[in-house]
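Chemist: For reference, the structure I am asking about is given below.
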Amino acid sequence: QVQLVESGGGSVQAGGSLRLSCAASVRIYGIITMGWYRQAPGKQRELVAHITSGGSTNYADSVKDRFTISRDNAKNTVTVSLQMSSLKPEDTAVYYCNLRTMRGEYWGQGTQVTVSS
């Protein structure tokens, strides 16, 4: 069973920065994509950013040029980080780590990000 361990998040004022990290006990060759989704109250869960096994990245238009996703590969652990800068109140949401592999899709428990104006 794959486990996703999330860290980071919290509260920050508009214009500030936060960093999210997610560690998965998998090997890189089994990964299709790994990244972050978010869900604000009353809204659907949406893709924030993901990175493919080949290193290609994809961002939601609303976060381009403000968020950066990166990946660190260890022998049996892959860690994806999301550096969030110039945060806006509309970035407030629960952020979920997502992992897609050839064996299935996995989600983290979610971490709250709150941006105050």
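Residue numbers start at 1 in each chain; chains themselves are named A, B, ... in the order of the structure tokens; ligands are numbered from 1 in the order shown.
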Could you pull out the strand (DSSP E or B) residues of segment 28-57 of chain A, going by DSSP on the backbone, and write them as an NGL selection string?
Modeler: :A and (31-39 or 46-52 or 57)
Chemist: List as a PyMOL selection string the protein and nucleic acid residues near segment 79-82 of chain A, meaning an atom at most 12 Å away when only C-alpha atoms are counted, but skip any in the same chain fewer than 4 places from it.
Modeler: chain A and resi 3-9+17-28+31+33-37+48-53+55+57+59+63+66-75+95-99
Chemist: Between A:Pro89, A:Gly30, A:Gly54, A:Gly42, which residue has the minimum interatomic distance to Glu105 of chain A, considering only C-alpha atoms?
Modeler: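 Selected residue with least distance to Glu105 of chain A: A:Gly30.
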Chemist: Tell me which protein, DNA and RNA residues are within 8 Å of Asp91 of chain A, counting only C-alpha atoms, leaving out same-chain ones fewer than 4 positions away, and put them as a PDB file with N, CA and C atoms, in the first residue's frame.
Modeler:
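After the write, out.pdb holds the following:
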ATOM      1  N   LEU A  87       1.210  34.493  -2.748  1.00  0.00           N
ATOM      2  CA  LEU A  87      -0.073  33.866  -2.453  1.00  0.00           C
ATOM      3  C   LEU A  87      -1.193  34.886  -2.372  1.00  0.00           C
ATOM      4  N   VAL A 113      -4.221  25.308   3.552  1.00  0.00           N
ATOM      5  CA  VAL A 113      -3.494  26.537   3.245  1.00  0.00           C
ATOM      6  C   VAL A 113      -4.489  27.683   3.343  1.00  0.00           C
ATOM      7  N   THR A 114      -4.188  28.647   4.188  1.00  0.00           N
ATOM      8  CA  THR A 114      -5.069  29.791   4.379  1.00  0.00           C
ATOM      9  C   THR A 114      -4.288  31.070   4.110  1.00  0.00           C
ATOM     10  N   VAL A 115      -4.802  31.882   3.202  1.00  0.00           N
ATOM     11  CA  VAL A 115      -4.154  33.146   2.850  1.00  0.00           C
ATOM     12  C   VAL A 115      -5.099  34.277   3.225  1.00  0.00           C
TER      13      VAL A 115
END
Chemist: Work out how far atom CA of Gly108 of chain A is from atom CA of Thr92 of chain A, in Å to one decimal.
Modeler: 17.5 Å
